[in-house]
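Enquirer: Please see the structure below; I have some questions.
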Amino acid sequence: MFMFKHLFFVFILMQMFYTSPSYSQEFSKEMTSTHTPELMKFYEYLHANPELSFQEFKTASTLASELKKLGFEVKEKIGRTGVVGVFRNGKGPTVLVRTDMDALPVLENTKLPYASKAVARNDKGLDIGVMHACGHDLHMTNWVGTARILLSIKSKWSGTLVFIAQPAEEIGAGAKAMLDDGLFKDFPKPDFCIALHCDAARPAGTIAVCEGIACANVDSIDILVKGKGGHGAAPHTTVDPIVLAARIILDLQTLVSREVNPLDPAVVTVGSIHGGTKHNIIPSEVRLQLTVRTIKDDVRKQVLSGIERLTKAAAIGANAPEPEILIRNNEFTPSLSNDIPLTRRLRKVWEEKLGKEAVSTREAVMGGEDFSRYAREGVPSCMLFLGTVPKNKYEASLMSKNASLPSLHSEYYHPEMPISLETGINATVSAVLDLLKN
Ligand SMILES: [Zn+2]
Ligand SMILES: [Zn+2]
């Protein structure tokens, strides 16, 4: 009897050792929680020390040293301030995990104990507040936490990790800078790219997934409307660029409403108009700044050429000199499309890891994200959206318009911590493990 019991026990033990466990048994939410206290200190440091686009010097070196400590081969200054870390762990696919690093020219008003007091000088020589108002500090902490956990369980996966810290997402220039600097030539070209972005309209502890188009094409356009200045009391001796600019702005409103197929989303916004100095002087020029959002590339072409045509036509009608129209191609951000098979595969992983009720579907938005550049190089890519709003505030916002939530880029925005961070790490680690499972 004793022998039998003994053998039975040995049999159970053998079962425990020889049944190969799935990755989800190896990587637990509890594992993430053990990293939380250290990561929260790291997050608060990043939040208190934001840097503007292409000025992420301290941020980049902090992130580079985190990867070096873990044993990554690290190269800095890729695409000006970008960081690339490579960790080879046997045969298998290559997965790129991206964080962005830059903050915004916003004076923080969150009253958090670790709120930013940082000030930077802008290109007009003015001192301005700087704040992580888009959650990139959380993205970076998620990135470091993911790297720490993956390296602590490296016998559970095989393949190559490429961790990149990208500069200048806010001006749509950082991904292009890194690619132009050899990201996909001098380092292992990824088979998959993944990233996350904070979502200021969803509850913390949840994520949202978007299949296919997730973000829009973004173009910035400057228009210099030219006239002939003179006395405000003698308009007949001038060509008034203020009246002309007003006509151009109204004409542009017909582009989306009358020319673009109503089933194709497009936005033309004139966000800035500057001209003149005094009541009784007709100036000689007016400056307009536009943002243009489209989804399809042929609609983008149609809208951009429509802006040129309508602007020039209005000037001809006013007998004014030809306006100067500058489409800022170096600030163009292409639309982001999440690879559908990859997104469906990861959604299953996330539903298993976080629970079905924690994963929702997100519609495309007309915002921009230069993570799209990696997908446009032909690499299946997926960006997930991370809920960051305290549950009670989220519920209050559904009940009353007065309880509306601060959006990304608001001086009041900050993610609920540490739940948002832990949810992000659980999602990112489980995605990488699925892509690199043995
Ligand atoms: Zn942003
Ligand atoms: Zn952002």
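Identifiers in the structure tokens: chain A, B, ... in order shown; residue index from 1 per chain; ligand index from 1 in order shown.
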At a cut-off of 8 Å and counting only C-alpha atoms and all ligand atoms, what residues surround ligand 2? Please answer as a count of residues only.
Expert: 10
Enquirer: Counting only C-alpha atoms and all ligand atoms, which protein, DNA or RNA residues come within 12 Å of ligand 1, given as JSON, numbers by chain?
Expert: {"A": [52, 53, 100, 101, 102, 103, 104, 105, 106, 131, 132, 133, 134, 135, 136, 137, 139, 168, 169, 170, 171, 172, 197, 198, 199, 200, 367, 368, 369, 370, 407, 408, 409, 410, 413]}
Enquirer: Could you jot down the atom CA of A:Gly145 to atom CA of A:Val119 separation for me, Å, one decimal place?
Expert: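 Atom-to-atom, atom CA of A:Gly145 to atom CA of A:Val119, that is 28.0 Å.
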Enquirer: Hey, which bits of stretch 204-233 of chain A sit within 6 Å of stretch 323-337 of chain A, and for each residue what's the closest pair of atoms and how far apart in Å (one decimal), counting only C-alpha atoms, rows by chain and increasing number, as JSON lines?
Expert:
```
{"residue": "A:Gly212", "atom": "CA", "partner": "A:Ser337", "partner_atom": "CA", "distance": 4.7}
{"residue": "A:Ile213", "atom": "CA", "partner": "A:Ser337", "partner_atom": "CA", "distance": 4.1}
{"residue": "A:Ala214", "atom": "CA", "partner": "A:Leu336", "partner_atom": "CA", "distance": 5.5}
{"residue": "A:Cys215", "atom": "CA", "partner": "A:Leu336", "partner_atom": "CA", "distance": 4.9}
{"residue": "A:Ala216", "atom": "CA", "partner": "A:Ser335", "partner_atom": "CA", "distance": 4.2}
{"residue": "A:Asn217", "atom": "CA", "partner": "A:Ser335", "partner_atom": "CA", "distance": 4.1}
{"residue": "A:Val218", "atom": "CA", "partner": "A:Thr333", "partner_atom": "CA", "distance": 5.0}
{"residue": "A:Asp219", "atom": "CA", "partner": "A:Phe332", "partner_atom": "CA", "distance": 5.0}
{"residue": "A:Ser220", "atom": "CA", "partner": "A:Arg328", "partner_atom": "CA", "distance": 5.6}
{"residue": "A:Ile221", "atom": "CA", "partner": "A:Ile327", "partner_atom": "CA", "distance": 4.6}
{"residue": "A:Asp222", "atom": "CA", "partner": "A:Leu326", "partner_atom": "CA", "distance": 5.1}
{"residue": "A:Ile223", "atom": "CA", "partner": "A:Ile325", "partner_atom": "CA", "distance": 4.6}
{"residue": "A:Leu224", "atom": "CA", "partner": "A:Glu324", "partner_atom": "CA", "distance": 5.0}
{"residue": "A:Val225", "atom": "CA", "partner": "A:Pro323", "partner_atom": "CA", "distance": 4.9}
{"residue": "A:Lys226", "atom": "CA", "partner": "A:Pro323", "partner_atom": "CA", "distance": 5.6}
```
Enquirer: Generate a file of the selected residues that holds C-alpha atoms, formatted as a compact mmCIF listing (two decimals), in the first residue's frame.
Expert:
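Once written, result.txt looks like this:
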```txt
# COMPACT_ATOMS: atom_id res chain seq x y z
CA GLY A 212 -7.36 47.70 -39.89
CA ILE A 213 -7.38 51.51 -40.07
CA ALA A 214 -6.80 53.01 -36.61
CA CYS A 215 -5.50 56.55 -37.31
CA ALA A 216 -5.54 59.05 -40.18
CA ASN A 217 -3.13 60.58 -42.68
CA VAL A 218 -2.02 63.89 -41.17
CA ASP A 219 -0.82 66.83 -43.27
CA SER A 220 0.19 70.31 -42.11
CA ILE A 221 -0.09 73.16 -44.60
CA ASP A 222 1.01 76.81 -44.42
CA ILE A 223 -0.64 79.35 -46.69
CA LEU A 224 0.73 82.86 -47.17
CA VAL A 225 -2.11 84.97 -48.56
CA LYS A 226 -0.69 88.00 -50.37
```
Enquirer: Applying 9 Å and only C-alpha atoms, which residues near A:Val95 remain after dropping the ones on its own chain fewer than 4 positions away? List them as a list of chain:residue names.
Expert: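 So the residues in contact are A:Gly159, A:Thr160, A:Leu161, A:Val162, A:Phe163, A:Lys189, A:Pro190, A:Asp191, A:Phe192, A:Cys193, A:Ile194, A:Val432, A:Leu435, A:Leu436.
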Enquirer: Can you pull out every residue from stretch 175-303 of chain A that DSSP, working from the backbone, puts in helix (DSSP H, G or I), and format the result as a PyMOL selection string?
Expert: chain A and resi 175-180+235-237+241-259+297-303
Enquirer: Please produce a file of the residues just selected, as a tab-separated table (two decimals), in the first residue's frame, where the atoms kept are N, CA and C atoms.
Expert:
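Dumped everything to part_32.tsv:
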```tsv
chain	number	residue	atom	x	y	z
A	175	ALA	N	9.63	58.41	-36.23
A	175	ALA	CA	9.71	57.08	-36.85
A	175	ALA	C	10.46	57.18	-38.18
A	176	LYS	N	10.17	58.23	-38.93
A	176	LYS	CA	10.83	58.43	-40.22
A	176	LYS	C	12.34	58.62	-40.00
A	177	ALA	N	12.67	59.40	-38.97
A	177	ALA	CA	14.10	59.65	-38.69
A	177	ALA	C	14.82	58.34	-38.37
A	178	MET	N	14.18	57.47	-37.59
A	178	MET	CA	14.84	56.20	-37.23
A	178	MET	C	14.96	55.29	-38.45
A	179	LEU	N	13.92	55.24	-39.28
A	179	LEU	CA	13.97	54.39	-40.48
A	179	LEU	C	15.02	54.93	-41.45
A	180	ASP	N	15.06	56.25	-41.62
A	180	ASP	CA	16.06	56.85	-42.52
A	180	ASP	C	17.48	56.60	-42.01
A	235	PRO	N	-9.75	101.40	-49.04
A	235	PRO	CA	-9.57	100.00	-49.48
A	235	PRO	C	-9.45	99.86	-50.99
A	236	HIS	N	-10.03	100.85	-51.72
A	236	HIS	CA	-9.99	100.75	-53.19
A	236	HIS	C	-8.58	100.88	-53.74
A	237	THR	N	-7.64	101.37	-52.90
A	237	THR	CA	-6.24	101.49	-53.37
A	237	THR	C	-5.41	100.27	-52.97
A	241	PRO	N	-5.81	91.39	-48.10
A	241	PRO	CA	-5.59	89.95	-47.90
A	241	PRO	C	-6.44	89.37	-46.76
A	242	ILE	N	-7.01	90.26	-45.91
A	242	ILE	CA	-7.85	89.75	-44.81
A	242	ILE	C	-9.18	89.27	-45.38
A	243	VAL	N	-9.77	90.05	-46.28
A	243	VAL	CA	-11.01	89.62	-46.93
A	243	VAL	C	-10.74	88.38	-47.78
A	244	LEU	N	-9.59	88.38	-48.46
A	244	LEU	CA	-9.25	87.22	-49.30
A	244	LEU	C	-9.06	85.96	-48.45
A	245	ALA	N	-8.38	86.11	-47.30
A	245	ALA	CA	-8.17	84.95	-46.43
A	245	ALA	C	-9.51	84.41	-45.93
A	246	ALA	N	-10.43	85.33	-45.61
A	246	ALA	CA	-11.76	84.91	-45.15
A	246	ALA	C	-12.46	84.11	-46.24
A	247	ARG	N	-12.33	84.59	-47.51
A	247	ARG	CA	-12.97	83.87	-48.61
A	247	ARG	C	-12.34	82.49	-48.80
A	248	ILE	N	-11.02	82.43	-48.68
A	248	ILE	CA	-10.32	81.13	-48.83
A	248	ILE	C	-10.83	80.15	-47.76
A	249	ILE	N	-10.93	80.64	-46.53
A	249	ILE	CA	-11.37	79.75	-45.44
A	249	ILE	C	-12.77	79.20	-45.72
A	250	LEU	N	-13.65	80.07	-46.21
A	250	LEU	CA	-15.01	79.59	-46.50
A	250	LEU	C	-15.02	78.64	-47.70
A	251	ASP	N	-14.23	78.96	-48.73
A	251	ASP	CA	-14.16	78.08	-49.90
A	251	ASP	C	-13.67	76.68	-49.50
A	252	LEU	N	-12.71	76.64	-48.58
A	252	LEU	CA	-12.15	75.34	-48.17
A	252	LEU	C	-13.21	74.45	-47.50
A	253	GLN	N	-14.24	75.10	-46.93
A	253	GLN	CA	-15.29	74.29	-46.26
A	253	GLN	C	-16.06	73.43	-47.26
A	254	THR	N	-16.00	73.78	-48.56
A	254	THR	CA	-16.77	73.01	-49.54
A	254	THR	C	-16.01	71.76	-50.00
A	255	LEU	N	-14.72	71.70	-49.70
A	255	LEU	CA	-13.94	70.55	-50.16
A	255	LEU	C	-14.50	69.23	-49.63
A	256	VAL	N	-14.62	69.15	-48.30
A	256	VAL	CA	-15.11	67.90	-47.70
A	256	VAL	C	-16.61	67.75	-47.95
A	257	SER	N	-17.35	68.86	-47.86
A	257	SER	CA	-18.81	68.74	-47.94
A	257	SER	C	-19.32	68.54	-49.36
A	258	ARG	N	-18.57	69.04	-50.39
A	258	ARG	CA	-19.09	68.99	-51.76
A	258	ARG	C	-18.25	68.16	-52.73
A	259	GLU	N	-16.98	67.87	-52.37
A	259	GLU	CA	-16.11	67.23	-53.37
A	259	GLU	C	-15.68	65.81	-53.01
A	297	ASP	N	-5.21	57.18	-49.33
A	297	ASP	CA	-4.16	57.99	-49.94
A	297	ASP	C	-4.67	58.77	-51.15
A	298	ASP	N	-5.64	58.21	-51.92
A	298	ASP	CA	-6.12	58.96	-53.08
A	298	ASP	C	-7.01	60.13	-52.63
A	299	VAL	N	-7.70	59.98	-51.50
A	299	VAL	CA	-8.49	61.10	-50.97
A	299	VAL	C	-7.54	62.19	-50.47
A	300	ARG	N	-6.43	61.77	-49.89
A	300	ARG	CA	-5.42	62.75	-49.45
A	300	ARG	C	-4.97	63.61	-50.63
A	301	LYS	N	-4.63	62.93	-51.73
A	301	LYS	CA	-4.20	63.67	-52.93
A	301	LYS	C	-5.28	64.63	-53.40
A	302	GLN	N	-6.52	64.13	-53.42
A	302	GLN	CA	-7.65	64.95	-53.89
A	302	GLN	C	-7.81	66.20	-53.02
A	303	VAL	N	-7.72	66.04	-51.69
A	303	VAL	CA	-7.94	67.17	-50.78
A	303	VAL	C	-6.78	68.17	-50.88
```
Enquirer: State, in Å with one decimal place, the distance from atom CA of A:Pro380 to atom CA of A:Ser28.
Expert: 26.7 Å
Enquirer: Under the rule that only C-alpha atoms are counted, which of A:Leu384, A:Val292, A:Val268, A:Val239 is the nearest residue to A:Ser360?
Expert: A:Leu384
Enquirer: I need the strand (DSSP E or B) residues of stretch 179-403 of chain A per DSSP on the backbone, written as a ChimeraX atom specification.
Expert: /A:192-203,207-209,212-215,217-226,228,230-231,239,266-275,281-282,285-294,324-327,333,336-338,359-361,381-389
Enquirer: Could you save those same residues with C-alpha atoms as a tab-separated table (two decimals), in the first residue's frame?
Expert:
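Ended up saving to part.tsv:
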```tsv
chain	number	residue	atom	x	y	z
A	192	PHE	CA	6.07	41.96	-36.16
A	193	CYS	CA	5.88	45.43	-34.59
A	194	ILE	CA	3.81	46.16	-31.51
A	195	ALA	CA	3.13	49.27	-29.43
A	196	LEU	CA	0.50	50.73	-27.18
A	197	HIS	CA	-1.00	54.17	-26.69
A	198	CYS	CA	-2.88	55.59	-23.73
A	199	ASP	CA	-6.58	56.18	-24.27
A	200	ALA	CA	-8.11	59.04	-22.27
A	201	ALA	CA	-11.70	57.91	-22.80
A	202	ARG	CA	-11.66	54.31	-21.55
A	203	PRO	CA	-11.53	52.86	-18.05
A	207	ILE	CA	-7.75	47.80	-23.47
A	208	ALA	CA	-9.25	48.49	-26.87
A	209	VAL	CA	-8.36	46.87	-30.15
A	212	GLY	CA	-7.36	47.70	-39.89
A	213	ILE	CA	-7.38	51.51	-40.07
A	214	ALA	CA	-6.80	53.01	-36.61
A	215	CYS	CA	-5.50	56.55	-37.31
A	217	ASN	CA	-3.13	60.58	-42.68
A	218	VAL	CA	-2.02	63.89	-41.17
A	219	ASP	CA	-0.82	66.83	-43.27
A	220	SER	CA	0.19	70.31	-42.11
A	221	ILE	CA	-0.09	73.16	-44.60
A	222	ASP	CA	1.01	76.81	-44.42
A	223	ILE	CA	-0.64	79.35	-46.69
A	224	LEU	CA	0.73	82.86	-47.17
A	225	VAL	CA	-2.11	84.97	-48.56
A	226	LYS	CA	-0.69	88.00	-50.37
A	228	LYS	CA	-1.39	94.99	-51.30
A	230	GLY	CA	-2.59	100.49	-47.46
A	231	HIS	CA	-4.89	102.81	-45.48
A	239	VAL	CA	-5.83	94.37	-52.32
A	266	ALA	CA	-11.75	63.74	-44.35
A	267	VAL	CA	-11.18	66.87	-42.24
A	268	VAL	CA	-9.88	70.30	-43.25
A	269	THR	CA	-9.29	72.59	-40.27
A	270	VAL	CA	-7.83	76.10	-40.40
A	271	GLY	CA	-6.29	76.22	-36.94
A	272	SER	CA	-4.52	79.55	-37.13
A	273	ILE	CA	-4.95	82.91	-38.91
A	274	HIS	CA	-2.63	85.85	-38.41
A	275	GLY	CA	-2.58	89.17	-40.20
A	281	ILE	CA	-4.14	99.52	-41.68
A	282	ILE	CA	-4.80	96.98	-44.41
A	285	GLU	CA	-0.25	89.52	-46.08
A	286	VAL	CA	-2.12	86.98	-43.89
A	287	ARG	CA	-0.80	83.61	-42.72
A	288	LEU	CA	-3.00	80.51	-42.37
A	289	GLN	CA	-2.10	77.16	-40.83
A	290	LEU	CA	-4.14	74.07	-41.71
A	291	THR	CA	-4.36	70.49	-40.56
A	292	VAL	CA	-5.75	67.99	-43.05
A	293	ARG	CA	-6.87	64.47	-42.10
A	294	THR	CA	-7.76	61.68	-44.51
A	324	GLU	CA	2.38	80.66	-51.35
A	325	ILE	CA	1.20	77.18	-50.33
A	326	LEU	CA	3.60	75.00	-48.38
A	327	ILE	CA	2.64	71.36	-47.78
A	333	THR	CA	2.19	61.19	-40.86
A	336	LEU	CA	-2.03	53.70	-39.33
A	337	SER	CA	-3.44	50.33	-40.28
A	338	ASN	CA	-3.31	47.48	-37.77
A	359	VAL	CA	-11.07	43.95	-24.18
A	360	SER	CA	-13.25	46.15	-26.37
A	361	THR	CA	-13.31	47.21	-30.01
A	381	SER	CA	2.02	45.83	-36.95
A	382	CYS	CA	-0.48	46.32	-34.15
A	383	MET	CA	-1.01	49.19	-31.74
A	384	LEU	CA	-3.30	48.55	-28.81
A	385	PHE	CA	-5.10	51.29	-26.90
A	386	LEU	CA	-4.81	51.29	-23.13
A	387	GLY	CA	-7.65	52.58	-20.92
A	388	THR	CA	-6.31	55.02	-18.32
A	389	VAL	CA	-9.38	56.65	-16.71
```
Enquirer: State, in Å with one decimal place, the distance from atom CA of A:Ala315 to atom CA of A:Thr238.
Expert: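 One can read the atom CA of A:Ala315 to atom CA of A:Thr238 distance as 13.6 Å.
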Enquirer: May I ask which of the residues A:Val349, A:Ala48, A:Pro113, A:Ser155 is the closest one to A:Asn438, counting only C-alpha atoms?
Expert: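 Closest candidate: A:Ser155.
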